[in-house]
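Novice: Handing you a structure now.
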Amino acid sequence: ISRGKTNKDKANRATVENVLDPRTMRFLKALTSRGIISDFNGCISTGKEANVYHAFAGDTISPFEPKTHDSFENLVNTYDPYSNPNNNDTILEPRKEYAIKIYKTSILVFKDRERYVDGEYRFRNSRSQHNPRKMIKIWAEKEFRNLKRIYQSKVIPVPKPIEVKNNVLVMEFLNRGDGFASPRLKDYPYKDHNDIVHYYHTMIVYIRLLYQVCRLVHADLSEYNTLVHKNKLYVIDVSQSVEPEHPMSLDFLRMDIKNINNYFERMGVAIFAERIIFQFTISETLDNFNGNYSNEDDLRMYVKNNLPLKVPGKDDAEDEIFRSLHLVRNLGGLEERDFDRYTDGKFDLLKSLIAHDNEKNFSASEQYNFEDNTLSNDDDDNEDDISNS
Ligand code: ADP
Ligand code: MG
């Protein structure tokens with residue numbers, strides 16, 4: 001992280017710029033000259049598919065901010081939200097800060113992500129999946145659209161989406177107040193055990209709100225893709241999120257639940273059985289709930305007081321069965337004998353779990369070849385799944 005006040009080290013800046021290819025640089029320059037971003041600072045995160053950088057807002061977004069004083073070539077690598085390049089005597093509002101997620105243009109890692117876009121209703125017509133550059137563009141746009149949808153729903157905190165241009169996505173930067181990014185849940189210093197439990201329940205409520213209100217399954221929900229900002233849990237990294245209509249959505253949902261449970265169980269929390277959380281997520285109405293279905297606090301209270309805690313021996317066995325099921329939307333898309341093989345007479349349990357989805361009867365099987373889409377072990381390195389293959 002390059003966030004020093006006087007850090008104008010040219011070598012450092014060169015490193016930052018070296019990873020950006022000329023095309024990406026052009027998009028950044030365009031965003032700069034349109035006044036969307038101004039100073040482009042250090043790297044916040046380097047990932048497999050994308051890097052995230054810090055920048056200040058340009059003068060287009062907020063009229064209160066100073067005019068962009070530098071061309072992109074003469075970036076000042078300085079963190080000072082109160083600085084005014086035009087007049088140092090004026091006291092200003094702190095400048096708006098942005099996180100810029102830049103998807104890498106090297107394509108290899110995107111190959112195995114095709115299935116998230118495949119079968120996705122919203123992207124059914126974007127058949128540019130064999131052109132790597134277009135694929136990355138679709139990917140960034142998908143993240144932007146998902147972010148926007150969640151942001152507009154107002155039920156789950158996410159960074160405000162600002163702009164997307166090809167492989168460059170601009171969003172609100174969530175900071176601790178001292179220039180550093182707000183911590184991921186993984187790095188968050190919990191106050192006490194109750195605090196951990198609070199975030200567990202919040203996470204479960206978010207899974208439901210995402211599904212019921214935003215109509216999305218995150219599909220990579222974890223302690224790495226959630227930030228604690230101003231004592232609220234923020235969800236990030238939604239490029240792979242899919243709508244419930246996606247033929248794999250319930251498999252992704254099951255994976256999210258499992259990952260969240262694994263993390264909080266490691267943190268010493270008494271967890272709920274996976275199928276209980278699953279049911280809580282997909283049931284439109286909840287028994288004995290008389291709160292507001294869009295209200296985080298009401299739902300958290302319900303989770304706390306109404307969901308039964310996992311009973312170790314008993315629920316483990318049922319979760320095992322639950323995990324081995326292929327939770328596709330359209331029951332007709334699967335052979336009944338597949339269910340028999342795994343459910344051992346518990347076919348009814350599954351049917352009741354996804355009954356309400358069945359009515360909608362999405363003809364997912366026409367768009368998608370189910371045969372190839374049993375969860376592969378490279379997505380899920382837990383040995384629980386090996387028994388299914
Ligand atoms: P990746 O696909 O590489 O996992 P993420 O969207 O998860 O990309 O972002 C990577 C990291 O960058 C996050 O773990 C977080 O620490 C940081 N980050 C991402 N977006 C923001 C933001 N809006 N504000 C602050 N930090 C962010
Ligand atoms: Mg991430």
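Chains: A, B, ... in order of the structure tokens. Residues: from 1 per chain. Ligands: from 1, in order shown.
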Taking only C-alpha atoms and all ligand atoms into account, report as a PDB file with N, CA and C atoms, in the first residue's frame which residues have an atom no farther than 6 Å from an atom of ligand 1.

Specialist:
ATOM      1  N   ILE A  44      -4.389  -1.090  -3.582  1.00  0.00           N
ATOM      2  CA  ILE A  44      -4.962  -1.562  -2.320  1.00  0.00           C
ATOM      3  C   ILE A  44      -4.873  -3.077  -2.249  1.00  0.00           C
ATOM      4  N   SER A  45      -5.043  -3.703  -3.385  1.00  0.00           N
ATOM      5  CA  SER A  45      -5.086  -5.166  -3.387  1.00  0.00           C
ATOM      6  C   SER A  45      -4.697  -5.700  -4.762  1.00  0.00           C
ATOM      7  N   GLY A  47      -5.097  -9.144  -6.881  1.00  0.00           N
ATOM      8  CA  GLY A  47      -5.781 -10.429  -6.845  1.00  0.00           C
ATOM      9  C   GLY A  47      -5.507 -11.225  -8.106  1.00  0.00           C
ATOM     10  N   LYS A  48      -6.137 -12.364  -8.166  1.00  0.00           N
ATOM     11  CA  LYS A  48      -5.954 -13.253  -9.310  1.00  0.00           C
ATOM     12  C   LYS A  48      -6.553 -12.633 -10.573  1.00  0.00           C
ATOM     13  N   GLU A  49      -7.738 -12.041 -10.417  1.00  0.00           N
ATOM     14  CA  GLU A  49      -8.458 -11.529 -11.576  1.00  0.00           C
ATOM     15  C   GLU A  49      -8.422 -10.023 -11.705  1.00  0.00           C
ATOM     16  N   ALA A  50      -8.174  -9.359 -10.579  1.00  0.00           N
ATOM     17  CA  ALA A  50      -8.245  -7.901 -10.616  1.00  0.00           C
ATOM     18  C   ALA A  50      -7.316  -7.295  -9.579  1.00  0.00           C
ATOM     19  N   ASN A  51      -6.899  -6.048  -9.837  1.00  0.00           N
ATOM     20  CA  ASN A  51      -6.214  -5.253  -8.824  1.00  0.00           C
ATOM     21  C   ASN A  51      -7.145  -4.123  -8.431  1.00  0.00           C
ATOM     22  N   VAL A  52      -7.011  -3.682  -7.180  1.00  0.00           N
ATOM     23  CA  VAL A  52      -7.835  -2.572  -6.727  1.00  0.00           C
ATOM     24  C   VAL A  52      -6.913  -1.416  -6.334  1.00  0.00           C
ATOM     25  N   ALA A  99     -12.414   3.580  -4.965  1.00  0.00           N
ATOM     26  CA  ALA A  99     -11.647   2.356  -5.198  1.00  0.00           C
ATOM     27  C   ALA A  99     -11.830   2.029  -6.677  1.00  0.00           C
ATOM     28  N   PRO A 159     -20.373  -0.699  -1.534  1.00  0.00           N
ATOM     29  CA  PRO A 159     -19.797   0.559  -1.985  1.00  0.00           C
ATOM     30  C   PRO A 159     -20.620   1.131  -3.136  1.00  0.00           C
ATOM     31  N   MET A 171     -15.736   2.705  -7.879  1.00  0.00           N
ATOM     32  CA  MET A 171     -16.757   2.675  -6.815  1.00  0.00           C
ATOM     33  C   MET A 171     -16.258   3.471  -5.613  1.00  0.00           C
ATOM     34  N   GLU A 172     -17.162   3.704  -4.702  1.00  0.00           N
ATOM     35  CA  GLU A 172     -16.812   4.366  -3.450  1.00  0.00           C
ATOM     36  C   GLU A 172     -15.725   3.578  -2.717  1.00  0.00           C
ATOM     37  N   PHE A 173     -14.769   4.289  -2.162  1.00  0.00           N
ATOM     38  CA  PHE A 173     -13.719   3.656  -1.364  1.00  0.00           C
ATOM     39  C   PHE A 173     -14.156   3.623   0.091  1.00  0.00           C
ATOM     40  N   LEU A 174     -14.188   2.437   0.675  1.00  0.00           N
ATOM     41  CA  LEU A 174     -14.571   2.316   2.075  1.00  0.00           C
ATOM     42  C   LEU A 174     -13.309   2.427   2.910  1.00  0.00           C
ATOM     43  N   ASN A 175     -13.178   3.513   3.656  1.00  0.00           N
ATOM     44  CA  ASN A 175     -11.945   3.673   4.437  1.00  0.00           C
ATOM     45  C   ASN A 175     -12.204   3.801   5.924  1.00  0.00           C
ATOM     46  N   ALA A 181      -7.934   1.193   3.787  1.00  0.00           N
ATOM     47  CA  ALA A 181      -9.206   0.536   3.499  1.00  0.00           C
ATOM     48  C   ALA A 181      -9.801  -0.054   4.773  1.00  0.00           C
ATOM     49  N   SER A 182     -11.108  -0.060   4.860  1.00  0.00           N
ATOM     50  CA  SER A 182     -11.784  -0.720   5.980  1.00  0.00           C
ATOM     51  C   SER A 182     -11.453  -2.211   5.955  1.00  0.00           C
ATOM     52  N   ARG A 184     -11.383  -6.250   6.002  1.00  0.00           N
ATOM     53  CA  ARG A 184     -12.234  -7.380   5.631  1.00  0.00           C
ATOM     54  C   ARG A 184     -12.693  -8.044   6.922  1.00  0.00           C
ATOM     55  N   TYR A 224     -13.601 -12.862   3.233  1.00  0.00           N
ATOM     56  CA  TYR A 224     -12.700 -12.067   2.394  1.00  0.00           C
ATOM     57  C   TYR A 224     -13.461 -11.042   1.555  1.00  0.00           C
ATOM     58  N   ASN A 225     -14.709 -11.329   1.273  1.00  0.00           N
ATOM     59  CA  ASN A 225     -15.474 -10.451   0.391  1.00  0.00           C
ATOM     60  C   ASN A 225     -16.538  -9.639   1.136  1.00  0.00           C
ATOM     61  N   ILE A 236     -18.823  -6.944  -0.910  1.00  0.00           N
ATOM     62  CA  ILE A 236     -18.104  -6.534  -2.122  1.00  0.00           C
ATOM     63  C   ILE A 236     -17.899  -7.740  -3.040  1.00  0.00           C
ATOM     64  N   ASP A 237     -17.236  -7.503  -4.150  1.00  0.00           N
ATOM     65  CA  ASP A 237     -16.809  -8.564  -5.071  1.00  0.00           C
ATOM     66  C   ASP A 237     -18.002  -9.362  -5.611  1.00  0.00           C
TER      67      ASP A 237
END

Novice: Could you pull the residues within 6 Å of stretch 271-278 of chain A, counting only C-alpha atoms, minus those fewer than 2 positions along the same chain, as a count of residues only?

Specialist: 5

Novice: Pick the closest to ligand 2 from A:Arg145, A:Arg176, A:His246, A:His218: which is it, counting only C-alpha atoms and all ligand atoms?

Specialist: A:His218

Novice: Would you please work out which residue, of A:Val158, A:Ile102, A:Met203, A:Val238, is nearest to ligand 2 when using only C-alpha atoms and all ligand atoms?

Specialist: A:Val238
